[in-house]
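Engineer: Before I ask anything, let me first share the structure, which is written out below as structure tokens.
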Amino acid sequence: MKRALICGISGQDGSYLAQLLLNKGYQVWGTSRDAQIANLSNLKQLGIAGQVTLTSMAQSDFRSVLNALNRAKPDEVYFLSGQSSVGLSFDQPAETIESITSGILNLLEAVRFINDSIRVYHASSSECFGDVATDEQANELTPFRPRSPYGVAKASAHWLVANYREAYGLFCCNGILFNHESPLRPSRFVTRKIVSTAYKIANGSQEKLQLGKVDIIRDWGWAPDFVDAMWRMLQQEQADDYVIATGKSHSLKDFISEVFQCLNLDWEEHVDIDNNLFRPSEIIHSAGNPRKAKTILNWSATVQFPELISELIAFEKGIHE
């Protein structure tokens, strides 16, 4: 039985990944800053909270990371933890950079000292690319030009992983993940905010949906698809980096329109643009090319844009019925 340690198991991706690995027969461990008071709501929602073993770990503390590895004795480690909000990173840049960059550095060093045969997955991000030209899709060779503290932190962590792979021969991979959504997204994320507010309006609420820029373009995928790609990366003979995306981008305005249309509403009657929600710098166009993942990992997105929105609305209906 393989053993996996998921750093950040209580988040969206960590919970879906835990479910996937359990279904594959893994013994799954997960970290939380304080395991005794960890928020397990996502794991409970998936019905797997009692099937994982939690251990405390502060990723900015090297000794704590070392102890977590010694307790879990994993074959595979998935590093998904750290401050995960692009918007919040402008308000908390130091915490964002420390939690992401120092966290993965401590993990790589601990693996190198304890057992350099442990395979490591790191959640890199499309935010590293910054703006992608409107007629292009970013691939694994596209230069990084991040436009937020979050993107800067992820870019730094990405190159740390690549350096440890080349310098020390560690089996460590970067998954350069584009946007991916699910019902487990926290309400502070714009997609969940749109669906939740639109559903309330459809059921009689007089509130307005407050949003920032709506002309931004993103490649939105389905989180359970993306965690499958993470697992596939660690099953290869050679460690490498992969763009994980659907290959199809849509504007946030398209997302809003589709949600409201599914609820028989005209979005323009219910949305207000709030300049206070604009970020200091914003990626306008983001698009990913998943060709390498398709060719080597035999991975491609199974859920596309319309189905993704239908799934999010169906969940929202379910929690209110």
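Simple scheme: letters A, B, ... for chains in structure tokens order, numbers from 1 for residues in each chain, numbers from 1 for ligands in the order shown.
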Please provide the set of residues having any atom within 7 Å of Gln210 of chain A, restricted to only C-alpha atoms, with same-chain residues fewer than 4 positions apart removed, written as a ChimeraX atom specification.
Structural biologist: /A:271-274
Engineer: DSSP on the backbone, strand (DSSP E or B) only: what residues of segment 2-191 of chain A does that give? Format it as JSON, numbers by chain.
Structural biologist: {"A": [3, 4, 5, 6, 7, 27, 28, 29, 30, 31, 32, 53, 54, 55, 56, 76, 77, 78, 79, 119, 120, 121, 122, 123, 124, 125, 138, 172, 173, 174, 175, 176, 177, 180, 181]}
Engineer: Please report the interatomic distance between atom CA of Leu184 of chain A and atom CA of Asn42 of chain A in Å with one decimal.
Structural biologist: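 We find that atom CA of Leu184 of chain A and atom CA of Asn42 of chain A lie 6.4 Å from each other.
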Engineer: Taking 2 positions as the minimum chain separation for residues in the same chain, which residues sit within 7 Å of Thr302 of chain A when counting only C-alpha atoms? Answer as a list in words.
Structural biologist: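 In the requested format, the answer is Asp225, Ser300 and Gln304 of chain A.
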Engineer: How would the residues just chosen look if you wrote them out with N, CA, C and O atoms as an mmCIF file, in the first residue's frame?
Structural biologist:
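selection_7.cif written:
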```
data_model
loop_
_atom_site.group_PDB
_atom_site.id
_atom_site.type_symbol
_atom_site.label_atom_id
_atom_site.label_comp_id
_atom_site.auth_asym_id
_atom_site.auth_seq_id
_atom_site.Cartn_x
_atom_site.Cartn_y
_atom_site.Cartn_z
ATOM 1 N N ASP A 225 -10.796 16.887 -12.045
ATOM 2 C CA ASP A 225 -9.958 16.575 -13.207
ATOM 3 C C ASP A 225 -8.501 16.926 -12.918
ATOM 4 O O ASP A 225 -7.576 16.176 -13.256
ATOM 5 N N SER A 300 -6.581 14.791 -20.148
ATOM 6 C CA SER A 300 -7.292 15.933 -20.722
ATOM 7 C C SER A 300 -8.515 16.209 -19.864
ATOM 8 O O SER A 300 -9.012 15.324 -19.156
ATOM 9 N N GLN A 304 -16.112 20.555 -19.345
ATOM 10 C CA GLN A 304 -15.909 21.825 -20.016
ATOM 11 C C GLN A 304 -16.802 22.910 -19.414
ATOM 12 O O GLN A 304 -17.600 22.660 -18.514
#
```
Engineer: Gly50 of chain A: which residues within 12 Å, counting only C-alpha atoms, same-chain residues fewer than 3 positions away excluded, as an mmCIF file with C-alpha atoms, in the first residue's frame?
Structural biologist:
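Once written, selection_29.cif looks like this:
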```cif
data_model
loop_
_atom_site.group_PDB
_atom_site.id
_atom_site.type_symbol
_atom_site.label_atom_id
_atom_site.label_comp_id
_atom_site.auth_asym_id
_atom_site.auth_seq_id
_atom_site.Cartn_x
_atom_site.Cartn_y
_atom_site.Cartn_z
ATOM 1 C CA ALA A 18 -7.387 12.596 -0.873
ATOM 2 C CA GLN A 19 -10.569 11.070 -2.296
ATOM 3 C CA LEU A 22 -8.086 6.592 -1.236
ATOM 4 C CA VAL A 28 -3.458 9.015 3.003
ATOM 5 C CA TRP A 29 -1.944 11.444 5.487
ATOM 6 C CA GLY A 30 -2.671 15.146 5.562
ATOM 7 C CA LEU A 40 -12.414 19.113 7.951
ATOM 8 C CA SER A 41 -15.618 20.391 6.342
ATOM 9 C CA LEU A 43 -13.342 16.089 3.759
ATOM 10 C CA LYS A 44 -16.623 15.540 5.588
ATOM 11 C CA GLN A 45 -18.580 16.734 2.575
ATOM 12 C CA LEU A 46 -16.821 14.077 0.486
ATOM 13 C CA GLY A 47 -17.415 11.473 3.204
ATOM 14 C CA THR A 53 -4.615 10.528 9.158
ATOM 15 C CA LEU A 54 -3.898 14.116 10.141
#
```
Engineer: Using Å and a single decimal, report how far atom CA of Ala167 of chain A sits from atom CA of Cys7 of chain A.
Structural biologist: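 Between these atoms lies a distance of 23.6 Å.
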Engineer: Would you kindly return, as a ChimeraX atom specification, each protein, DNA or RNA residue with an atom no farther than 10 Å from any atom of segment 284-294 of chain A, considering only C-alpha atoms and excluding same-chain residues fewer than 5 positions away?
Structural biologist: /A:126-127,129-140,175-179,213-220,229,232-233,241-251,299-301
Engineer: Taking only C-alpha atoms into account, which of A:Ser32, A:Asn298, A:Asn67, A:Asn115 comes nearest Leu170 of chain A?
Structural biologist: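 Of A:Ser32, A:Asn298, A:Asn67, A:Asn115, the one nearest Leu170 of chain A is A:Asn115, counting only C-alpha atoms.
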Engineer: So which one's closest to Ser15 of chain A, A:Leu107, A:Leu308, A:Ala223, A:Leu160? Using only C-alpha atoms, please.
Structural biologist: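 Comparing A:Leu107, A:Leu308, A:Ala223, A:Leu160 against Ser15 of chain A, the winner is A:Ala223.
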Engineer: From a DSSP pass on the backbone, collect the residues of segment 63-239 of chain A flagged as alpha helix (DSSP H) and hand them back as a PyMOL selection string.
Structural biologist: chain A and resi 63-72+86-91+93-97+103-114+149-168+190-202+223-233
Engineer: Smallest atom-to-atom distance to Ser125 of chain A: which of A:Val190, A:Val152, A:Ile104, A:Ala68, using only C-alpha atoms?
Structural biologist: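 Of A:Val190, A:Val152, A:Ile104, A:Ala68, the one nearest Ser125 of chain A is A:Val152, counting only C-alpha atoms.
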Engineer: Pick out the closest residue to Ser81 of chain A from this set: A:Arg119, A:Ser10, A:Tyr26, A:Tyr150. Count only C-alpha atoms.
Structural biologist: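 Residue with the minimum atom-to-atom distance to Ser81 of chain A: A:Ser10.
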Engineer: Rank nothing, just name the residue among A:Leu234, A:Val195, A:Leu277, A:Ile48 nearest to Ile256 of chain A, using only C-alpha atoms.
Structural biologist: A:Val195
Engineer: Please identify all polymer residues within 12 Å of Thr31 of chain A, counting only C-alpha atoms, omitting same-chain residues fewer than 5 positions from it, and present them as JSON, numbers by chain.
Structural biologist: {"A": [4, 5, 6, 7, 8, 9, 10, 11, 14, 15, 18, 36, 37, 38, 39, 40, 52, 53, 54, 55, 56, 57, 58, 59, 64, 65, 67, 68, 69, 71, 72, 77, 78, 79, 80, 81, 82]}
Engineer: To one decimal place, how far is atom CA of Gly87 of chain A from atom CA of Asp228 of chain A in Å?
Structural biologist: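 Between these atoms lies a distance of 26.7 Å.
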Engineer: Give the answer as one residue: which of A:Lys317, A:Lys208, A:Leu252, A:Thr295 has the shortest atom-to-atom distance to His270 of chain A, using only C-alpha atoms?
Structural biologist: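 Closest to His270 of chain A, using only C-alpha atoms: A:Lys208.
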Engineer: Residues at most 10 Å from segment 261-263 of chain A, counting only C-alpha atoms, excluding those fewer than 4 positions away in the same chain, as a ChimeraX atom specification?
Structural biologist: /A:195,198-199,201-203,255-257,267,306,309-310,313
